[in-house]
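Peer 1: I am attaching a structure below and will ask some questions about it afterwards.
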Amino acid sequence: MTIKWTLNGARRTDEVEPDETLLHCLRKVGCLSVKCGCETSGCGLCTVWLDGKPVLSCSVPAPRADGREVTTLEGLQAEAAELGAFLADEGAEQCGFCAPGFMMNVLAMARELKTPTEEEIQHYLAGNLCRCSGYQGQLRAIRKYLAKKGGEQA
Amino acid sequence: MKTVSTGVRKKDAMSLVTGKPVYTGDLVPPNALRIKLLRSPHARANIISIDASRAKMVPGVAAVFTWEDMPQSRFTTAGQTWPEPSPYDRLILDRHLRCAGDPVAIVAAETEEIAQRAMRLIKVEYEVLEPLLDFTKALDNPILVHPEDNFRSLCEVGTDAKRNLVSTDSFEVGDVEEELARCEVVLERTYNTVANNQTMMEPFCTYTYLDEYGRLNVVSSTQVPFHVRRILSNALEIPKSQIRVVKPRIGGGFGAKQSAVSEMFPAIVTKLTGRPAYLCYTRQESMANGSPRHQMQMKVRIGADRDGSIRCIDLYALSNAGAYGDHGPTTIGLVGHKSLALYGSLRASRFVCDVVYTNTMGAGAYRGYGATQGIFAVESAVNEMAARLGMDPCVIREKNMVRQGQVMPAYYGEPCNSCTLDKCMERAKEMMGWDKGPTHWTLPNGHLRGRGVAMAMQGSGISGVDIGSVEIRLNDGGFYTMLVGCTDMGTGCDTILAQMAADCLDCSVDDISVRGVDTDQSPYDTGSYASATTYVTGGAVVKACAELRDKIRIEGARLLGVDPQAAQFDGEKVFLPGTDKVMTRSEIGWASYAGGSRQLSATQSNSSPISPPPFMVGMAEVDIDPETGLVRVVDYVGVVDCGTVINTNLARVQTEGGIVQGIGMALLENIQYNDKGRMLNDSLLQYRIPTRLEAGKIRVEFVPSYEPTGPFGAKSIGELVINTPSPAIAEAIRAATGHMFRTLPIRPEDVALAGLEE
Ligand code: FES
Ligand code: FES
């Protein structure tokens with residue numbers, strides 16, 4: 001079936017299977033930042049935005065993107081570099097395989113919650129697994145990133 | 001500017017955090033065949049017949065292969081130096097199936113969906129046999145896991161397949177029975193650890209193709225590219241010269257990818273069809289047919305005097321290899337060598353072990369590699385001894401721990417050249433406020449709090465076996481290219497080695513381009529495992545840079561027409577002191593690219609006759625809800641002696657990550673089977689690893705010693721850091737509840753039940 005959708009700001013038309021996942025479709029059209037870690041909503045690696053809200057693309061049927069707007073890290077390169085620099089300065093990315101899904105969710109959180117508490121941060125990101133880092137460095141990086149953002153807005 | 005012991009960014013950091021396509025699955029050629037494996041539903045069975053005729057007729061199916069199409073000589077998938085201690089007990093596809101999920105057929109098709117559809121059309125008739133699932137009953141069981149005649153063992157490790165015995169070993173220092181008889185207090189305890197899954201976020205995946213020379217190219221998420229080349233040569237029965245293995249970025253390994261789990265399937269498809277082929281394991285396959293930690297049962301007899309002097313430890317370990325012996329004979333050795341050596345006070349120690357086959361998933365290498373299990377047993381026994389003697393568990397350790405300058409009889413008789421374990425203990429106590437408060441108390445809400453401690457050690461590479469090699473070149477304009485054969489799997493070794501090279505060559509990290517690994521181009525390295533890279537390959541960096549420095553000085557002097565002995569190289573320029581004769585590194589680089597000069601490069605290998613242990617103290621504070629039995633680690637302190645810390649950020653994050661994996665092992669992770677031998681919890685929803693909610697607060701510090709044989713005084717860190725949580729958490733729970741849990745993971749239901757029984 002055919003979907004008409006907006007991917008990273010560009011309108012496009014694609015052929016998808018009725019039972020295809022958005023994750024599969026996104027990788028097929030070249031959004032390789034979107035990673036597959038489980039396909040059972042258990043890891044957060046496949047996080048993208050659907051109409052600006054984070055979703056697990058492995059559990060969204062591709063046809064549901066019809067008429068909607070999908071954003072992946074490919075479409076947020078400047079923001080990714082800005083937030084990512086804080087991770088890089090903490091050494092908080094190790095293998096980096098979890099990074100794209102994690103970044104999508106942190107960027108969504110930063111839009112949604114203005115000054116999240118540590119507990120809010122941990123709960124917001126609870127679905128984003130990372131097997132390498134032990135999460136502490138990610139938290140340090142997020143705090144610094146949010147502090148900088150807050151400073152810019154003040 | 002010195003870069004060693006600073007927190008420079010990883011060279012690949014920005015491409016990782018911005019989601020660039022740098023992993024195996026991102027690089028697959030579009031025309032690659034997609035592979036699906038039909039897997040056995042039975043833990044033990046023989047294939048009577050397979051009918052793949054309907055599957056082959058599905059449009060878009062390129063090939064279906066079964067055991068009859070496969071080479072028939074056995075090999076091991078364990079990535080180890082040849083001759084491998086792991087038995088040659090595998091075929092790519094075997095008629096005899098030894099664990100649930102063993103591959104039965106390989107389907108290669110134009111798309112994954114077609115392969116999936118075709119797979120369902122394959123008809124297999126099985127002779128289903130009773131499986132052997134209980135590893136404590138495996139030795140001399142009438143059910144034989146490997147009855148075949150072409151089973152081979154390359155090393156003398158005591159293998160006897162007709163007894164289900166993968167290997168057996170023992171050592172004794174002093175006279176254990178005599179010492180135990182002399183001790184005033186002797187405890188005898190049994191500890192159990194289960195199989196754990198590494199659960200690296202990137203599953204096993206590989207693609208293969210034939211290049212313009214007709215050679216098999218293998219791009220794979222592997223820790224051991226050079227071993228994979230040999231393993232595939234064995235498995236496919238083709239010469240090693242016909243194989244090239246390339247490792248792109250790796251999405252985590254933790255030992256899982258020290259076995260060639262996925263490589264052989266696309267490789268054989270490409271060999272037989274001539275087409276590029278790609279296989280990526282699903283999470284379910286990675287869980288149920290990966291290479292997990294060996295399940296173990298350990299019996300400890302520990303003897304001490306009433307004053308707390310630990311005199312003797314006798315340790316027996318039984319290890320479950322599962323269906324295949326990958327890493328079985330070697331993992332078990334660390335159970336004894338890297339636990340008993342923590343105690344310098346021992347007058348006698350003994351370690352005896354058996355590794356057995358069963359019809360469960362074949363085990364492999366997982367961070368810590370046996371030391372993790374052994375340290376859980378020995379450190380728990382020491383904690384129990386302290387409790388019995390009414391001693392503080394830190395005090396008993398301070399009285400008995402190994403110290404710098406001692407010889408470690410249980411650790412291959414190696415000298416303890418560098419060790420700040422005592423200072424790590426001191427610092428951990430300060431950070432936790434250990435001496436300022438009780439080890440257990442009750443909160444107003446009725447929750448119990450407890451604190452526990454454990455020590456750990458590991459090695460730095462495999463002594464006399466591991467080799468690291470580095471080639472470094474000066475290029476036009478003065479930048480360097482460094483080729484390494486070790487595999488950065490997220491650990492940051494590309495950057496760490498560049499930091500060392502930058503300091504050796506007095507330049508910036510940005511002046512050094514690092515490239516690894518391509519078996520056609522990289523110098524030989526055993527691979528990244530056994531906590532080897534910083535210590536072993538780092539040593540090769542130091543040597544290669546020293547040689548290149550000399551060459552640059554001599555060539556600069558030649559170009560300047562001055563005496564090379566009198567000339568100096570300061571990293572930027574070669575000059576003759578007291579004169580205006582100067583030639584920059586950039587100019588020398590340019591000159592080396594033109595006739596009349598020569599390319600300046602140096603290649604060096606390094607190996608070490610010893611494997612200096614890094615040390616660590618871990619302390620846990622747990623919160624227990626007595627109603628539900630839920631245990632939360634609310635505070636974890638880790639203090640590490642890894643020798644000189646090369647990259648302060650990366651060492652810290654590795655430690656934090658290792659501790660959280662260790663917390664998972666202590667409280668959550670447990671590969672379980674049903675009574676037919678099928679894995680029950682083969683998804684991330686069922687096999688739970690710590691999320692950021694379970695990780696709690698983790699505080700890490702370093703108390704570096706200086707290892708005289710290590711590059712810049714460094715030892716290792718990668719594996720060490722997973723070892724303390726299990727015993728420290730078990731002790732914290734004991735302190736809080738009065739009940740010692742000797743079986744991992746410590747589950748809420750066990751804790752709640754034990755509370756009811758009290
Ligand atoms: S792949 Fe979607 S949550 Fe794991
Ligand atoms: S950095 Fe490897 S999984 Fe997060």
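Residues are referred to by chain and number: the chain letter is A, B, ... according to the order shown in the structure tokens, the number counts from 1 in that chain, and ligands are numbered separately from 1 in the order shown.
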Within 7 Å of range 76-89 of chain A, counting only C-alpha atoms, which residues qualify if same-chain residues fewer than 4 places away don't, as a PyMOL selection string?
Peer 2: (chain A and resi 72+93+103+138+141+145) or (chain B and resi 9-10+13-14+17-18)
Peer 1: Mind listing the residues within 6 Å of ligand 1, only C-alpha atoms and all ligand atoms counted, as an NGL selection string?
Peer 2: :A and (36-46 or 56-58)
Peer 1: Store the residues of this selection in a file with N, CA, C and O atoms, as a PDB file, in the first residue's frame.
Peer 2:
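Result file is part_11.pdb:
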ATOM      1  N   CYS A  36      17.687  -1.487  15.481  1.00  0.00           N
ATOM      2  CA  CYS A  36      16.803  -2.535  15.958  1.00  0.00           C
ATOM      3  C   CYS A  36      17.519  -3.326  17.049  1.00  0.00           C
ATOM      4  O   CYS A  36      18.570  -3.913  16.792  1.00  0.00           O
ATOM      5  N   GLY A  37      16.943  -3.339  18.234  1.00  0.00           N
ATOM      6  CA  GLY A  37      17.565  -4.106  19.308  1.00  0.00           C
ATOM      7  C   GLY A  37      16.722  -5.257  19.794  1.00  0.00           C
ATOM      8  O   GLY A  37      17.207  -6.128  20.502  1.00  0.00           O
ATOM      9  N   CYS A  38      15.440  -5.279  19.436  1.00  0.00           N
ATOM     10  CA  CYS A  38      14.600  -6.352  19.969  1.00  0.00           C
ATOM     11  C   CYS A  38      13.326  -6.598  19.160  1.00  0.00           C
ATOM     12  O   CYS A  38      12.856  -7.717  19.098  1.00  0.00           O
ATOM     13  N   GLU A  39      12.742  -5.566  18.602  1.00  0.00           N
ATOM     14  CA  GLU A  39      11.456  -5.651  17.897  1.00  0.00           C
ATOM     15  C   GLU A  39      10.296  -6.024  18.798  1.00  0.00           C
ATOM     16  O   GLU A  39       9.243  -6.427  18.328  1.00  0.00           O
ATOM     17  N   THR A  40      10.499  -5.938  20.131  1.00  0.00           N
ATOM     18  CA  THR A  40       9.400  -6.270  21.046  1.00  0.00           C
ATOM     19  C   THR A  40       9.188  -5.159  22.067  1.00  0.00           C
ATOM     20  O   THR A  40       8.796  -5.419  23.198  1.00  0.00           O
ATOM     21  N   SER A  41       9.485  -3.936  21.688  1.00  0.00           N
ATOM     22  CA  SER A  41       9.277  -2.775  22.565  1.00  0.00           C
ATOM     23  C   SER A  41      10.074  -2.852  23.854  1.00  0.00           C
ATOM     24  O   SER A  41       9.680  -2.283  24.863  1.00  0.00           O
ATOM     25  N   GLY A  42      11.206  -3.544  23.818  1.00  0.00           N
ATOM     26  CA  GLY A  42      11.923  -3.764  25.070  1.00  0.00           C
ATOM     27  C   GLY A  42      13.223  -3.006  25.237  1.00  0.00           C
ATOM     28  O   GLY A  42      13.856  -3.110  26.285  1.00  0.00           O
ATOM     29  N   CYS A  43      13.676  -2.237  24.226  1.00  0.00           N
ATOM     30  CA  CYS A  43      15.019  -1.677  24.353  1.00  0.00           C
ATOM     31  C   CYS A  43      15.123  -0.185  24.089  1.00  0.00           C
ATOM     32  O   CYS A  43      16.059   0.467  24.535  1.00  0.00           O
ATOM     33  N   GLY A  44      14.200   0.380  23.324  1.00  0.00           N
ATOM     34  CA  GLY A  44      14.234   1.822  23.064  1.00  0.00           C
ATOM     35  C   GLY A  44      15.170   2.243  21.948  1.00  0.00           C
ATOM     36  O   GLY A  44      15.263   3.423  21.620  1.00  0.00           O
ATOM     37  N   LEU A  45      15.876   1.288  21.339  1.00  0.00           N
ATOM     38  CA  LEU A  45      16.845   1.650  20.302  1.00  0.00           C
ATOM     39  C   LEU A  45      16.187   2.246  19.065  1.00  0.00           C
ATOM     40  O   LEU A  45      16.821   2.974  18.311  1.00  0.00           O
ATOM     41  N   CYS A  46      14.926   1.903  18.860  1.00  0.00           N
ATOM     42  CA  CYS A  46      14.248   2.270  17.614  1.00  0.00           C
ATOM     43  C   CYS A  46      13.426   3.538  17.761  1.00  0.00           C
ATOM     44  O   CYS A  46      12.598   3.829  16.911  1.00  0.00           O
ATOM     45  N   LEU A  56       8.129   3.993  19.756  1.00  0.00           N
ATOM     46  CA  LEU A  56       9.020   2.882  19.411  1.00  0.00           C
ATOM     47  C   LEU A  56       8.641   2.431  18.011  1.00  0.00           C
ATOM     48  O   LEU A  56       7.564   1.879  17.799  1.00  0.00           O
ATOM     49  N   SER A  57       9.509   2.675  17.059  1.00  0.00           N
ATOM     50  CA  SER A  57       9.130   2.414  15.666  1.00  0.00           C
ATOM     51  C   SER A  57       8.954   0.933  15.375  1.00  0.00           C
ATOM     52  O   SER A  57       8.351   0.571  14.378  1.00  0.00           O
ATOM     53  N   CYS A  58       9.461   0.056  16.262  1.00  0.00           N
ATOM     54  CA  CYS A  58       9.252  -1.377  16.039  1.00  0.00           C
ATOM     55  C   CYS A  58       7.827  -1.782  16.346  1.00  0.00           C
ATOM     56  O   CYS A  58       7.389  -2.857  15.968  1.00  0.00           O
TER      57      CYS A  58
END
Peer 1: Show which residues sit within 10 Å of Ser683 in chain B, as a PDB file with N, CA, C and O atoms, in the first residue's frame. Count only C-alpha atoms, and ignore same-chain residues fewer than 2 positions away.
Peer 2:
ATOM      1  N   CYS A  38      15.440  -5.279  19.436  1.00  0.00           N
ATOM      2  CA  CYS A  38      14.600  -6.352  19.969  1.00  0.00           C
ATOM      3  C   CYS A  38      13.326  -6.598  19.160  1.00  0.00           C
ATOM      4  O   CYS A  38      12.856  -7.717  19.098  1.00  0.00           O
ATOM      5  N   GLU A  39      12.742  -5.566  18.602  1.00  0.00           N
ATOM      6  CA  GLU A  39      11.456  -5.651  17.897  1.00  0.00           C
ATOM      7  C   GLU A  39      10.296  -6.024  18.798  1.00  0.00           C
ATOM      8  O   GLU A  39       9.243  -6.427  18.328  1.00  0.00           O
ATOM      9  N   THR A  40      10.499  -5.938  20.131  1.00  0.00           N
ATOM     10  CA  THR A  40       9.400  -6.270  21.046  1.00  0.00           C
ATOM     11  C   THR A  40       9.188  -5.159  22.067  1.00  0.00           C
ATOM     12  O   THR A  40       8.796  -5.419  23.198  1.00  0.00           O
ATOM     13  N   GLY A  42      11.206  -3.544  23.818  1.00  0.00           N
ATOM     14  CA  GLY A  42      11.923  -3.764  25.070  1.00  0.00           C
ATOM     15  C   GLY A  42      13.223  -3.006  25.237  1.00  0.00           C
ATOM     16  O   GLY A  42      13.856  -3.110  26.285  1.00  0.00           O
TER      17      GLY A  42
ATOM     18  N   THR B 282      18.105 -12.196  15.347  1.00  0.00           N
ATOM     19  CA  THR B 282      17.078 -11.478  16.099  1.00  0.00           C
ATOM     20  C   THR B 282      17.515 -11.448  17.565  1.00  0.00           C
ATOM     21  O   THR B 282      18.434 -12.162  17.969  1.00  0.00           O
ATOM     22  N   ARG B 283      16.835 -10.628  18.338  1.00  0.00           N
ATOM     23  CA  ARG B 283      17.162 -10.622  19.777  1.00  0.00           C
ATOM     24  C   ARG B 283      16.911 -12.004  20.362  1.00  0.00           C
ATOM     25  O   ARG B 283      17.682 -12.492  21.180  1.00  0.00           O
ATOM     26  N   GLN B 284      15.829 -12.631  19.910  1.00  0.00           N
ATOM     27  CA  GLN B 284      15.514 -13.962  20.429  1.00  0.00           C
ATOM     28  C   GLN B 284      16.655 -14.939  20.131  1.00  0.00           C
ATOM     29  O   GLN B 284      17.076 -15.700  20.990  1.00  0.00           O
ATOM     30  N   GLU B 285      17.193 -14.883  18.916  1.00  0.00           N
ATOM     31  CA  GLU B 285      18.313 -15.779  18.585  1.00  0.00           C
ATOM     32  C   GLU B 285      19.558 -15.428  19.390  1.00  0.00           C
ATOM     33  O   GLU B 285      20.294 -16.307  19.848  1.00  0.00           O
ATOM     34  N   SER B 286      19.810 -14.129  19.535  1.00  0.00           N
ATOM     35  CA  SER B 286      20.977 -13.717  20.313  1.00  0.00           C
ATOM     36  C   SER B 286      20.877 -14.199  21.752  1.00  0.00           C
ATOM     37  O   SER B 286      21.868 -14.512  22.388  1.00  0.00           O
ATOM     38  N   MET B 287      19.650 -14.240  22.244  1.00  0.00           N
ATOM     39  CA  MET B 287      19.414 -14.682  23.619  1.00  0.00           C
ATOM     40  C   MET B 287      19.528 -16.202  23.749  1.00  0.00           C
ATOM     41  O   MET B 287      20.141 -16.701  24.672  1.00  0.00           O
ATOM     42  N   ALA B 288      18.886 -16.914  22.816  1.00  0.00           N
ATOM     43  CA  ALA B 288      18.742 -18.356  22.983  1.00  0.00           C
ATOM     44  C   ALA B 288      19.871 -19.149  22.335  1.00  0.00           C
ATOM     45  O   ALA B 288      20.072 -20.321  22.657  1.00  0.00           O
ATOM     46  N   MET B 679      14.671 -22.453  26.028  1.00  0.00           N
ATOM     47  CA  MET B 679      14.851 -21.276  26.861  1.00  0.00           C
ATOM     48  C   MET B 679      13.515 -20.559  27.056  1.00  0.00           C
ATOM     49  O   MET B 679      12.777 -20.339  26.107  1.00  0.00           O
ATOM     50  N   LEU B 680      13.241 -20.226  28.307  1.00  0.00           N
ATOM     51  CA  LEU B 680      11.949 -19.633  28.646  1.00  0.00           C
ATOM     52  C   LEU B 680      11.943 -18.125  28.469  1.00  0.00           C
ATOM     53  O   LEU B 680      10.938 -17.538  28.114  1.00  0.00           O
ATOM     54  N   ASN B 681      13.052 -17.496  28.773  1.00  0.00           N
ATOM     55  CA  ASN B 681      13.044 -16.027  28.829  1.00  0.00           C
ATOM     56  C   ASN B 681      13.986 -15.451  27.773  1.00  0.00           C
ATOM     57  O   ASN B 681      14.972 -14.811  28.087  1.00  0.00           O
ATOM     58  N   LEU B 685      11.959  -8.537  27.336  1.00  0.00           N
ATOM     59  CA  LEU B 685      10.886  -8.309  28.303  1.00  0.00           C
ATOM     60  C   LEU B 685      10.954  -9.335  29.419  1.00  0.00           C
ATOM     61  O   LEU B 685      10.542  -9.084  30.547  1.00  0.00           O
ATOM     62  N   GLN B 686      11.499 -10.517  29.102  1.00  0.00           N
ATOM     63  CA  GLN B 686      11.543 -11.586  30.098  1.00  0.00           C
ATOM     64  C   GLN B 686      12.927 -11.696  30.755  1.00  0.00           C
ATOM     65  O   GLN B 686      13.032 -11.872  31.953  1.00  0.00           O
ATOM     66  N   TYR B 687      13.963 -11.611  29.934  1.00  0.00           N
ATOM     67  CA  TYR B 687      15.324 -11.605  30.480  1.00  0.00           C
ATOM     68  C   TYR B 687      15.654 -10.150  30.749  1.00  0.00           C
ATOM     69  O   TYR B 687      16.013  -9.393  29.852  1.00  0.00           O
ATOM     70  N   ARG B 688      15.489  -9.732  31.982  1.00  0.00           N
ATOM     71  CA  ARG B 688      15.587  -8.305  32.257  1.00  0.00           C
ATOM     72  C   ARG B 688      17.001  -7.911  32.646  1.00  0.00           C
ATOM     73  O   ARG B 688      17.622  -8.525  33.496  1.00  0.00           O
TER      74      ARG B 688
END
Peer 1: Give the residue list for ligand 2 at 7 Å, counting only C-alpha atoms and all ligand atoms, as number ranges by chain, sorted by chain and then by residue number.
Peer 2: A: 93-99, 129-133; B: 200-201, 251-252, 490
Peer 1: Excluding same-chain residues fewer than 4 positions from Gly618 in chain B, what lies within 8 Å of it counting only C-alpha atoms, as a PyMOL selection string?
Peer 2: chain B and resi 428+453-455+636-639+724-725+728
Peer 1: Considering only C-alpha atoms, state which residue in the set A:Ala10, A:Ala147, A:Val70, A:Leu23 is at the smallest distance from Lys53 in chain A.
Peer 2: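 Of the candidates, the smallest distance to Lys53 in chain A is held by A:Val70.
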Peer 1: Within 9 Å of Ala62 in chain A, counting only C-alpha atoms, which residues show up once you throw out same-chain ones fewer than 6 positions away? Write them as a list in words, please.
Peer 2: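 Once the nearby chain positions are removed, what remains is Ile3, Val16, Glu17, Pro18, Asp19, Glu20, Thr21, Leu22, Leu23, His24, Cys25 and Leu26 of chain A.
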Peer 1: Where does DSSP see alpha helix (DSSP H) in range 2-122 of chain A, if you list the residues as a count of residues only?
Peer 2: 40
Peer 1: If you run DSSP over the backbone, which residues in range 50-109 of chain A end up strand (DSSP E or B)? Put them as JSON, numbers by chain.
Peer 2: {"A": [50, 53, 54, 55, 56, 61, 69, 70, 71]}
Peer 1: Show which residues sit within 6 Å of range 222-236 of chain B, as a list in words. Count only C-alpha atoms, and ignore same-chain residues fewer than 3 positions away.
Peer 2: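 Contacts, with the query itself left out: Gly79, Pro239, Lys240, Val245, Lys257, Gln258, Thr487, Gly527 and Ser528 of chain B.
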Peer 1: Please measure the separation of CA of Glu471 in chain B and CA of Gln565 in chain B, giving the value in Å to one decimal.
Peer 2: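 Separation between CA of Glu471 in chain B and CA of Gln565 in chain B: 24.7 Å.
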Peer 1: From the set A:Leu73, A:Ala65, A:Leu7, A:Leu113, which residue has the shortest atom-to-atom contact distance to chain B, counting only C-alpha atoms?
Peer 2: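 With only C-alpha atoms as the atom set, the closest residue is A:Leu73.
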Peer 1: Would you mind reading off the distance between CA of Asp550 in chain B and CA of Thr533 in chain B, one decimal, in Å?
Peer 2: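 Distance between the two atoms: 24.9 Å.
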Peer 1: Between B:Gly452, B:Pro748, B:Gly718, B:Gly516, which one has atoms that come closest to chain A, using only C-alpha atoms?
Peer 2: B:Gly718
Peer 1: Please compute the CA of Ile250 in chain B-CA of Ala108 in chain A distance, one decimal, in Å.
Peer 2: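 It comes out at 26.6 Å.
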Peer 1: Need the shell around range 49-52 of chain A: protein/DNA/RNA residues with any atom at most 6 Å away, counting only C-alpha atoms. Skip same-chain ones fewer than 3 positions apart. Format as a PyMOL selection string?
Peer 2: chain A and resi 55+69-71
Peer 1: Residues as selected, C-alpha atoms, written as a CSV table (one decimal), in the first residue's frame, can you do that?
Peer 2:
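In the end it all went to out-v8.csv:
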chain,number,residue,atom,x,y,z
A,55,VAL,CA,7.4,6.3,19.7
A,69,GLU,CA,5.3,13.5,10.2
A,70,VAL,CA,8.2,11.3,11.2
A,71,THR,CA,11.5,12.5,12.5
Peer 1: Give the answer as one residue: which of B:Ala544, B:Ala63, B:Met70, B:Ile659 has the shortest atom-to-atom distance to chain A, using only C-alpha atoms?
Peer 2: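 Closest to chain A, using only C-alpha atoms: B:Ile659.
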Peer 1: Go through A:Leu107, A:Val29, A:Ala92, A:Ile121 one by one, measure the shortest atom-to-atom distance of each to chain B using only C-alpha atoms, and give the residue with the smallest value.
Peer 2: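 Closest to chain B, using only C-alpha atoms: A:Ala92.
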